[in-house]
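J.: What follows is final_6.cif, mmCIF, C-alpha atoms.
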```cif
data_upload
loop_
_atom_site.label_atom_id
_atom_site.label_comp_id
_atom_site.auth_asym_id
_atom_site.auth_seq_id
_atom_site.Cartn_x
_atom_site.Cartn_y
_atom_site.Cartn_z
CA MET A 1 -18.41 9.48 -7.99
CA SER A 2 -20.50 11.77 -5.78
CA ALA A 3 -23.20 9.13 -5.39
CA THR A 4 -20.70 6.87 -3.64
CA VAL A 5 -21.04 8.89 -0.44
CA GLU A 6 -24.65 7.81 0.01
CA HIS A 7 -24.25 4.07 0.30
CA ALA A 8 -25.08 2.50 3.64
CA ASP A 9 -23.66 -1.02 3.75
CA SER A 10 -19.94 -0.64 3.25
CA SER A 11 -19.12 -4.28 3.93
CA ALA A 12 -21.07 -5.41 0.86
CA GLY A 13 -19.40 -2.80 -1.34
CA PHE A 14 -21.27 -0.11 -3.19
CA LEU A 15 -23.06 -0.89 -6.49
CA ALA A 16 -25.20 1.74 -8.20
CA HIS A 17 -28.45 0.34 -9.60
CA HIS A 18 -27.62 1.07 -13.26
CA PHE A 19 -24.58 -1.24 -13.28
CA ASP A 20 -24.63 -5.03 -13.68
CA ASP A 21 -21.74 -5.64 -11.28
CA ARG A 22 -18.86 -3.91 -9.55
CA ALA A 23 -16.37 -4.73 -12.31
CA GLN A 24 -18.57 -2.90 -14.83
CA GLN A 25 -19.06 -0.03 -12.39
CA ARG A 26 -15.31 0.31 -11.87
CA GLN A 27 -14.63 0.12 -15.62
CA ALA A 28 -17.09 2.99 -16.23
CA ALA A 29 -15.39 5.08 -13.53
CA VAL A 30 -11.91 4.43 -14.92
CA ILE A 31 -12.92 5.29 -18.50
CA GLY A 32 -14.74 8.42 -17.32
CA MET A 33 -11.72 9.50 -15.28
CA TRP A 34 -9.35 9.01 -18.20
CA ALA A 35 -11.71 10.99 -20.46
CA PHE A 36 -11.53 13.82 -17.90
CA LEU A 37 -7.74 13.50 -17.71
CA ALA A 38 -7.57 13.72 -21.54
CA THR A 39 -9.36 17.10 -21.32
CA GLU A 40 -6.84 18.12 -18.65
CA VAL A 41 -3.96 17.16 -20.96
CA LEU A 42 -5.45 19.41 -23.66
CA PHE A 43 -6.23 22.15 -21.13
CA PHE A 44 -2.55 22.34 -20.12
CA GLY A 45 -1.53 21.36 -23.67
CA GLY A 46 -2.74 24.68 -25.08
CA LEU A 47 -0.41 26.46 -22.65
CA PHE A 48 2.47 24.13 -23.56
CA ALA A 49 1.84 24.92 -27.26
CA GLY A 50 1.82 28.67 -26.58
CA TYR A 51 4.98 28.32 -24.49
CA SER A 52 6.66 26.38 -27.33
CA VAL A 53 5.71 28.90 -30.02
CA TYR A 54 7.17 31.83 -28.07
CA ARG A 55 10.22 29.83 -27.03
CA PHE A 56 10.76 29.16 -30.76
CA LEU A 57 10.39 32.89 -31.53
CA TYR A 58 12.30 34.32 -28.51
CA PRO A 59 14.87 31.67 -27.49
CA GLU A 60 17.25 34.15 -25.75
CA ALA A 61 14.43 35.53 -23.57
CA TRP A 62 13.41 32.02 -22.51
CA VAL A 63 17.01 31.21 -21.49
CA GLU A 64 17.27 34.49 -19.55
CA GLY A 65 13.95 33.99 -17.75
CA SER A 66 14.75 30.38 -16.85
CA LYS A 67 18.13 31.32 -15.34
CA HIS A 68 16.37 33.62 -12.85
CA LEU A 69 14.22 30.79 -11.45
CA ASP A 70 15.42 28.88 -8.38
CA HIS A 71 16.22 25.46 -9.86
CA VAL A 72 17.30 24.06 -6.46
CA LEU A 73 13.83 24.68 -5.01
CA GLY A 74 12.36 23.39 -8.28
CA THR A 75 14.35 20.15 -7.96
CA ILE A 76 13.32 19.71 -4.32
CA ASN A 77 9.67 20.28 -5.23
CA THR A 78 9.87 17.75 -8.08
CA ALA A 79 11.26 15.16 -5.64
CA VAL A 80 8.49 16.00 -3.14
CA LEU A 81 5.80 15.60 -5.81
CA LEU A 82 7.22 12.30 -7.14
CA THR A 83 7.31 11.00 -3.56
CA SER A 84 3.67 12.04 -3.01
CA SER A 85 2.75 10.07 -6.14
CA PHE A 86 4.46 7.04 -4.61
CA THR A 87 2.56 7.44 -1.31
CA VAL A 88 -0.68 7.55 -3.35
CA VAL A 89 0.36 4.27 -4.98
CA LEU A 90 0.87 2.85 -1.48
CA ALA A 91 -2.54 4.21 -0.36
CA VAL A 92 -4.31 2.50 -3.30
CA ARG A 93 -2.40 -0.72 -2.59
CA ALA A 94 -3.32 -0.56 1.11
CA VAL A 95 -7.06 -0.15 0.52
CA LYS A 96 -7.08 -2.96 -2.06
CA ARG A 97 -5.64 -5.19 0.66
CA GLY A 98 -8.20 -3.93 3.16
CA GLU A 99 -5.57 -2.21 5.34
CA LYS A 100 -7.63 0.78 6.45
CA ASP A 101 -5.08 2.16 8.94
CA HIS A 102 -2.36 2.16 6.29
CA LEU A 103 -4.75 3.83 3.86
CA VAL A 104 -5.35 6.75 6.25
CA ARG A 105 -1.64 7.03 7.06
CA TYR A 106 -0.60 7.15 3.39
CA LEU A 107 -3.34 9.65 2.53
CA LEU A 108 -2.17 11.93 5.37
CA THR A 109 1.45 11.58 4.18
CA THR A 110 0.34 12.55 0.68
CA ILE A 111 -1.49 15.63 2.01
CA ALA A 112 1.64 16.64 3.97
CA LEU A 113 3.91 16.30 0.90
CA ALA A 114 1.43 18.12 -1.35
CA SER A 115 1.18 20.94 1.19
CA LEU A 116 4.98 21.18 1.35
CA PHE A 117 5.04 21.57 -2.45
CA VAL A 118 2.48 24.39 -2.30
CA VAL A 119 4.41 26.14 0.52
CA VAL A 120 7.68 26.03 -1.47
CA LYS A 121 5.84 27.25 -4.58
CA THR A 122 4.31 30.11 -2.58
CA TYR A 123 7.78 31.08 -1.32
CA GLU A 124 9.08 31.14 -4.92
CA TYR A 125 6.16 33.36 -5.95
CA TRP A 126 6.80 35.64 -2.96
CA VAL A 127 10.46 36.09 -4.01
CA LYS A 128 9.43 36.94 -7.58
CA PHE A 129 6.72 39.36 -6.42
CA SER A 130 9.06 41.11 -3.96
CA HIS A 131 11.60 41.63 -6.78
CA GLY A 132 8.92 42.93 -9.15
CA THR A 133 9.53 40.05 -11.58
CA VAL A 134 5.81 39.79 -12.35
CA PRO A 135 4.21 40.53 -15.74
CA GLY A 136 2.38 43.84 -15.82
CA ALA A 137 3.18 47.51 -15.23
CA GLY A 138 6.62 47.93 -13.65
CA PHE A 139 8.03 44.53 -14.61
CA GLU A 140 11.58 44.37 -13.27
CA LEU A 141 14.50 42.00 -13.74
CA HIS A 142 17.99 42.79 -12.47
CA ASP A 143 21.44 41.24 -12.92
CA LEU A 144 20.80 40.11 -16.48
CA TYR A 145 22.97 37.28 -17.81
CA ASP A 146 22.46 38.61 -21.35
CA PRO A 147 22.20 42.44 -21.27
CA SER A 148 20.99 42.55 -24.88
CA VAL A 149 17.87 40.49 -24.12
CA SER A 150 14.45 42.10 -24.62
CA LEU A 151 12.76 42.58 -21.25
CA ASN A 152 9.34 42.54 -22.92
CA GLN A 153 10.08 39.04 -24.17
CA VAL A 154 11.33 37.89 -20.75
CA GLU A 155 8.10 39.33 -19.30
CA LEU A 156 6.21 37.03 -21.68
CA PHE A 157 8.22 34.06 -20.34
CA TYR A 158 7.14 35.01 -16.82
CA GLY A 159 3.55 35.26 -18.05
CA PHE A 160 3.74 31.60 -19.10
CA TYR A 161 5.62 30.73 -15.89
CA PHE A 162 2.96 32.18 -13.59
CA VAL A 163 -0.05 30.91 -15.55
CA MET A 164 1.32 27.36 -16.01
CA THR A 165 2.66 26.89 -12.48
CA GLY A 166 -0.34 28.76 -11.04
CA LEU A 167 -2.80 26.49 -12.81
CA HIS A 168 -0.73 23.51 -11.70
CA ALA A 169 -0.69 24.75 -8.08
CA PHE A 170 -4.47 25.24 -8.26
CA HIS A 171 -4.78 21.58 -9.25
CA MET A 172 -2.59 20.71 -6.26
CA VAL A 173 -4.87 22.64 -3.87
CA VAL A 174 -7.98 20.98 -5.34
CA GLY A 175 -6.26 17.61 -4.89
CA ILE A 176 -5.38 18.38 -1.27
CA VAL A 177 -9.03 19.25 -0.51
CA ILE A 178 -10.30 16.03 -2.12
CA PHE A 179 -7.61 14.01 -0.31
CA ALA A 180 -8.74 15.59 2.97
CA VAL A 181 -12.39 14.61 2.34
CA TYR A 182 -11.43 11.05 1.37
CA THR A 183 -9.14 10.75 4.40
CA ARG A 184 -12.12 11.60 6.64
CA LEU A 185 -14.33 9.09 4.78
CA ALA A 186 -11.55 6.50 5.07
CA GLN A 187 -11.42 7.12 8.84
CA LEU A 188 -15.19 6.49 8.88
CA GLY A 189 -14.50 3.12 7.25
CA ARG A 190 -16.11 3.94 3.91
CA TYR A 191 -13.48 2.14 1.82
CA ASP A 192 -12.35 -1.47 1.94
CA GLU A 193 -11.01 -4.23 -0.31
CA ASN A 194 -14.40 -4.49 -2.05
CA TYR A 195 -15.07 -0.81 -2.63
CA HIS A 196 -12.31 1.76 -3.17
CA THR A 197 -12.95 3.30 -6.60
CA PRO A 198 -12.80 6.94 -5.28
CA ILE A 199 -9.29 6.31 -3.88
CA GLU A 200 -8.19 4.90 -7.25
CA MET A 201 -9.71 7.88 -9.09
CA ILE A 202 -8.06 10.58 -6.94
CA GLY A 203 -4.87 8.57 -7.43
CA LEU A 204 -5.20 8.86 -11.23
CA TYR A 205 -5.83 12.61 -10.88
CA TRP A 206 -2.79 13.03 -8.63
CA HIS A 207 -0.49 11.09 -10.96
CA LEU A 208 -1.57 13.30 -13.87
CA VAL A 209 -0.81 16.45 -11.85
CA ASP A 210 2.60 14.88 -11.16
CA LEU A 211 3.05 13.99 -14.83
CA ILE A 212 2.33 17.60 -15.93
CA TRP A 213 4.97 18.86 -13.47
CA VAL A 214 7.49 16.37 -14.92
CA PHE A 215 7.25 18.43 -18.15
CA LEU A 216 6.90 21.87 -16.52
CA PHE A 217 10.06 21.46 -14.42
CA PRO A 218 12.68 21.09 -17.19
CA LEU A 219 10.83 23.45 -19.54
CA LEU A 220 10.72 26.30 -17.01
CA TYR A 221 13.66 25.81 -14.62
CA LEU A 222 16.34 24.04 -16.67
CA ILE A 223 16.41 25.58 -20.16
CA ASP A 224 20.13 26.39 -20.10
CA ARG A 225 22.10 25.99 -16.89
CA MET B 1 -14.85 -10.81 -6.13
CA ASN B 2 -12.19 -8.18 -6.43
CA GLU B 3 -12.89 -4.91 -8.18
CA SER B 4 -9.59 -4.56 -9.92
CA PRO B 5 -7.71 -6.96 -12.15
CA ASP B 6 -4.43 -6.45 -10.30
CA ALA B 7 -5.83 -7.37 -6.89
CA HIS B 8 -5.70 -11.11 -7.64
CA GLY B 9 -2.48 -11.79 -5.78
CA HIS B 10 0.97 -10.64 -6.99
CA ASP B 11 0.75 -8.07 -4.20
CA ASP B 12 4.34 -8.37 -3.11
CA ASP B 13 5.62 -8.49 -6.68
CA ASP B 14 3.53 -5.40 -7.31
CA LEU B 15 5.06 -3.52 -4.36
CA ARG B 16 8.55 -4.44 -5.55
CA THR B 17 7.73 -3.11 -9.04
CA MET B 18 6.37 0.16 -7.64
CA GLN B 19 9.47 0.64 -5.45
CA ILE B 20 11.73 0.10 -8.46
CA VAL B 21 9.67 2.55 -10.55
CA PHE B 22 9.83 5.16 -7.78
CA ALA B 23 13.61 4.73 -7.45
CA ALA B 24 13.97 5.00 -11.23
CA LEU B 25 11.87 8.18 -11.29
CA MET B 26 14.12 9.76 -8.64
CA GLY B 27 17.19 8.65 -10.60
CA LEU B 28 15.78 10.21 -13.76
CA LEU B 29 15.12 13.44 -11.83
CA VAL B 30 18.84 13.59 -10.95
CA LEU B 31 19.65 12.87 -14.61
CA THR B 32 17.25 15.65 -15.71
CA VAL B 33 19.11 18.20 -13.59
CA ALA B 34 22.51 16.83 -14.61
CA VAL B 35 21.92 17.03 -18.37
CA ALA B 36 20.73 20.65 -17.97
CA TYR B 37 24.38 21.55 -17.31
CA VAL B 38 25.58 19.82 -20.49
CA ASP B 39 25.35 21.54 -23.86
CA PHE B 40 24.10 19.08 -26.47
CA GLY B 41 23.62 21.84 -29.06
CA VAL B 42 20.40 21.33 -31.00
CA PHE B 43 19.77 18.11 -29.03
CA THR B 44 19.52 19.86 -25.64
CA LEU B 45 15.73 20.15 -25.77
CA PRO B 46 15.15 16.67 -27.30
CA VAL B 47 17.30 15.08 -24.55
CA ALA B 48 15.41 16.91 -21.78
CA MET B 49 12.03 16.04 -23.30
CA GLY B 50 13.10 12.47 -23.96
CA ILE B 51 13.81 11.95 -20.24
CA ALA B 52 10.49 13.62 -19.35
CA VAL B 53 8.61 11.31 -21.74
CA VAL B 54 10.26 8.24 -20.16
CA LYS B 55 9.22 9.49 -16.70
CA ALA B 56 5.68 10.19 -17.95
CA LEU B 57 5.37 6.70 -19.48
CA MET B 58 6.57 5.09 -16.24
CA ILE B 59 3.98 7.06 -14.27
CA MET B 60 1.19 6.14 -16.70
CA VAL B 61 2.05 2.46 -17.17
CA TYR B 62 2.85 1.61 -13.53
CA PHE B 63 1.55 4.27 -11.11
CA MET B 64 -1.68 4.77 -13.12
CA HIS B 65 -1.98 0.99 -13.66
CA LEU B 66 -2.40 1.17 -17.44
CA SER B 67 -0.44 -2.11 -17.61
CA HIS B 68 -3.45 -3.76 -15.91
CA GLU B 69 -6.27 -1.93 -17.70
CA SER B 70 -8.27 -2.95 -20.77
CA MET B 71 -7.44 -1.76 -24.28
CA LEU B 72 -10.48 0.56 -24.17
CA VAL B 73 -9.07 2.40 -21.13
CA ARG B 74 -5.64 2.62 -22.78
CA ILE B 75 -7.19 4.19 -25.89
CA PHE B 76 -8.93 6.80 -23.72
CA ALA B 77 -5.64 7.43 -21.92
CA VAL B 78 -3.71 7.97 -25.15
CA SER B 79 -6.42 10.05 -26.87
CA GLY B 80 -5.54 13.32 -25.12
CA PHE B 81 -1.85 13.01 -26.00
CA VAL B 82 -2.61 12.13 -29.64
CA SER B 83 -4.85 15.21 -29.92
CA LEU B 84 -2.11 17.32 -28.32
CA GLY B 85 0.36 15.90 -30.87
CA CYS B 86 -1.95 17.08 -33.68
CA LEU B 87 -2.16 20.54 -32.08
CA PHE B 88 1.65 20.79 -31.97
CA ALA B 89 2.11 19.39 -35.49
CA ILE B 90 -0.32 21.82 -37.11
CA THR B 91 0.86 24.82 -35.05
CA PHE B 92 4.53 24.26 -35.81
CA ALA B 93 3.93 23.38 -39.47
CA ASP B 94 2.87 27.03 -39.66
CA TYR B 95 5.45 28.71 -37.40
CA ILE B 96 8.50 26.85 -38.72
CA ALA B 97 7.56 27.77 -42.29
CA ARG B 98 6.71 31.35 -41.40
CA TYR B 99 9.84 32.43 -39.48
CA PRO B 100 13.49 31.63 -40.09
CA ALA B 101 14.81 29.49 -37.23
CA SER B 102 17.30 31.51 -35.20
#
```
What's the structure tokens form of this structure?
T.:
Amino acid sequence: MSATVEHADSSAGFLAHHFDDRAQQRQAAVIGMWAFLATEVLFFGGLFAGYSVYRFLYPEAWVEGSKHLDHVLGTINTAVLLTSSFTVVLAVRAVKRGEKDHLVRYLLTTIALASLFVVVKTYEYWVKFSHGTVPGAGFELHDLYDPSVSLNQVELFYGFYFVMTGLHAFHMVVGIVIFAVYTRLAQLGRYDENYHTPIEMIGLYWHLVDLIWVFLFPLLYLIDR
Amino acid sequence: MNESPDAHGHDDDDLRTMQIVFAALMGLLVLTVAVAYVDFGVFTLPVAMGIAVVKALMIMVYFMHLSHESMLVRIFAVSGFVSLGCLFAITFADYIARYPAS
């Protein structure tokens, strides 16, 4: 993908010398991207497996921890992220039709929605940090729903919460940076109806980040309301 | 020549499909939150995960254009989830046998 930046004649569409034609070039990019996304699924998958094992062992602690998360903000953020996935779909559609102005507009909308998600997530973290509900020395949790619950086990829930949502938020930030670069390149007229593979690839990445959140949201925020 | 198989017309049909999928995803989000307030007993987790899987499939098939990709791409797309399924199956074959379910 990085080699795409070097091409000179955008109207003819970019074709690297080791491919027969653009269809083959695109196919290679799509397969490579999905191979990368498969490693991402397993990367997060290990955390989901760990989460599931400890939820199986300490079900009461998982219910307690989940009830202390702000599910209203979580719901809003899920809606924001699903909407950003839709604006990415519209961006890919626009560039395939050669509508460069629409492409830039939809990419900017996506960046705005993604940034809103990260801001809300940061606020949620700030609330948890200010209440001391962070794994480590001095872990605190007040107003327990189930006074008999083991705080050590709830602390473990918050360990999974911060690592899983933190890793997810990191993917969001990486996505925002790549979207920003591609928006600039789109403004420079680098993508058109003949060549737009990078836009399609960042789209696949973004949808996977969305897909992972679709599982994170009910597993963390909505265990037992 | 177009780069992608789905760029050969059907553009307006395609937009309509994507709008419907987006609306359905938002509807399923509301359903996700709603069922969290209902106690289905042992089926609470399966119901929540069932809705999440439907959402995930809609994202993969439509937003990620798997409906338009070749079988080779689809196999790559599914490979990660199949491997993850093996990880869960082997892990829980151990844990379920080792501890009494509470």
J.: Applying the PyMOL selection byres ((chain B and resi 80) around 12) to the file I just gave you, which residues come out? Please list them as number ranges by chain.
T.: A: 34-46, 208; B: 74-79, 81-87
J.: To one decimal place in Å, what is the distance between atom CA of Pro218 of chain A and atom CA of Leu82 of chain A?
T.: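 Separation of atom CA of Pro218 of chain A and atom CA of Leu82 of chain A: 14.4 Å.
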J.: Tell me which of A:Phe160, A:Phe86, A:Phe170, A:Tyr205 sits closest to Thr122 of chain A, counting only C-alpha atoms.
T.: A:Phe170
J.: Could you tell me which residues of chain B sit within 9 Å of chain A when counting all atoms listed in the file, and give me the result as a ChimeraX atom specification?
T.: /B:1-5,7,11,14-15,18-19,22,25-26,29-30,32-33,36-39,44-45,48-49,52-53,55-57,59-60,63-65,69-70,72-74,76-81,83-84,87-88,91-92,95-96,99,101-102
J.: Can you measure atom CA of Asp143 of chain A to atom CA of Asp70 of chain A for me? One decimal in Å is fine.
T.: 14.5 Å
J.: Write a file for segment 185-205 of chain A of the given structure; include N, CA and C atoms and format it as a short mmCIF file (atom, residue, chain, number, x, y, z; two decimals), in the first residue's frame.
T.:
```cif
data_model
loop_
_atom_site.label_atom_id
_atom_site.label_comp_id
_atom_site.auth_asym_id
_atom_site.auth_seq_id
_atom_site.Cartn_x
_atom_site.Cartn_y
_atom_site.Cartn_z
N LEU A 185 -4.49 13.27 0.76
CA LEU A 185 -4.18 12.73 -0.57
C LEU A 185 -5.39 12.82 -1.49
N ALA A 186 -6.59 12.63 -0.90
CA ALA A 186 -7.82 12.75 -1.70
C ALA A 186 -8.00 14.19 -2.17
N GLN A 187 -7.67 15.15 -1.29
CA GLN A 187 -7.76 16.57 -1.68
C GLN A 187 -6.79 16.88 -2.81
N LEU A 188 -5.64 16.16 -2.83
CA LEU A 188 -4.65 16.35 -3.89
C LEU A 188 -5.04 15.61 -5.17
N GLY A 189 -6.21 14.93 -5.13
CA GLY A 189 -6.70 14.25 -6.32
C GLY A 189 -6.03 12.92 -6.61
N ARG A 190 -5.55 12.25 -5.57
CA ARG A 190 -4.81 11.01 -5.77
C ARG A 190 -5.73 9.82 -6.07
N TYR A 191 -6.99 9.92 -5.70
CA TYR A 191 -7.91 8.79 -5.89
C TYR A 191 -9.03 9.15 -6.85
N ASP A 192 -9.39 8.19 -7.70
CA ASP A 192 -10.51 8.41 -8.62
C ASP A 192 -11.20 7.08 -8.88
N GLU A 193 -12.10 7.05 -9.88
CA GLU A 193 -12.86 5.82 -10.13
C GLU A 193 -11.97 4.67 -10.59
N ASN A 194 -10.77 4.97 -11.10
CA ASN A 194 -9.87 3.91 -11.56
C ASN A 194 -8.94 3.40 -10.47
N TYR A 195 -8.58 4.29 -9.54
CA TYR A 195 -7.64 3.87 -8.50
C TYR A 195 -8.09 4.39 -7.14
N HIS A 196 -8.51 3.45 -6.26
CA HIS A 196 -8.99 3.85 -4.94
C HIS A 196 -8.78 2.74 -3.91
N THR A 197 -7.85 1.80 -4.22
CA THR A 197 -7.64 0.67 -3.31
C THR A 197 -7.34 1.11 -1.87
N PRO A 198 -6.49 2.14 -1.63
CA PRO A 198 -6.23 2.54 -0.23
C PRO A 198 -7.50 2.92 0.52
N ILE A 199 -8.45 3.60 -0.14
CA ILE A 199 -9.69 3.98 0.52
C ILE A 199 -10.49 2.73 0.89
N GLU A 200 -10.52 1.75 -0.03
CA GLU A 200 -11.21 0.49 0.28
C GLU A 200 -10.56 -0.23 1.46
N MET A 201 -9.20 -0.21 1.50
CA MET A 201 -8.49 -0.94 2.55
C MET A 201 -8.69 -0.32 3.92
N ILE A 202 -8.61 1.03 4.02
CA ILE A 202 -8.84 1.67 5.32
C ILE A 202 -10.30 1.45 5.71
N GLY A 203 -11.17 1.33 4.72
CA GLY A 203 -12.58 1.02 5.01
C GLY A 203 -12.71 -0.34 5.67
N LEU A 204 -12.01 -1.35 5.13
CA LEU A 204 -12.06 -2.70 5.72
C LEU A 204 -11.55 -2.66 7.16
N TYR A 205 -10.42 -1.95 7.36
CA TYR A 205 -9.85 -1.81 8.71
C TYR A 205 -10.88 -1.19 9.66
#
```
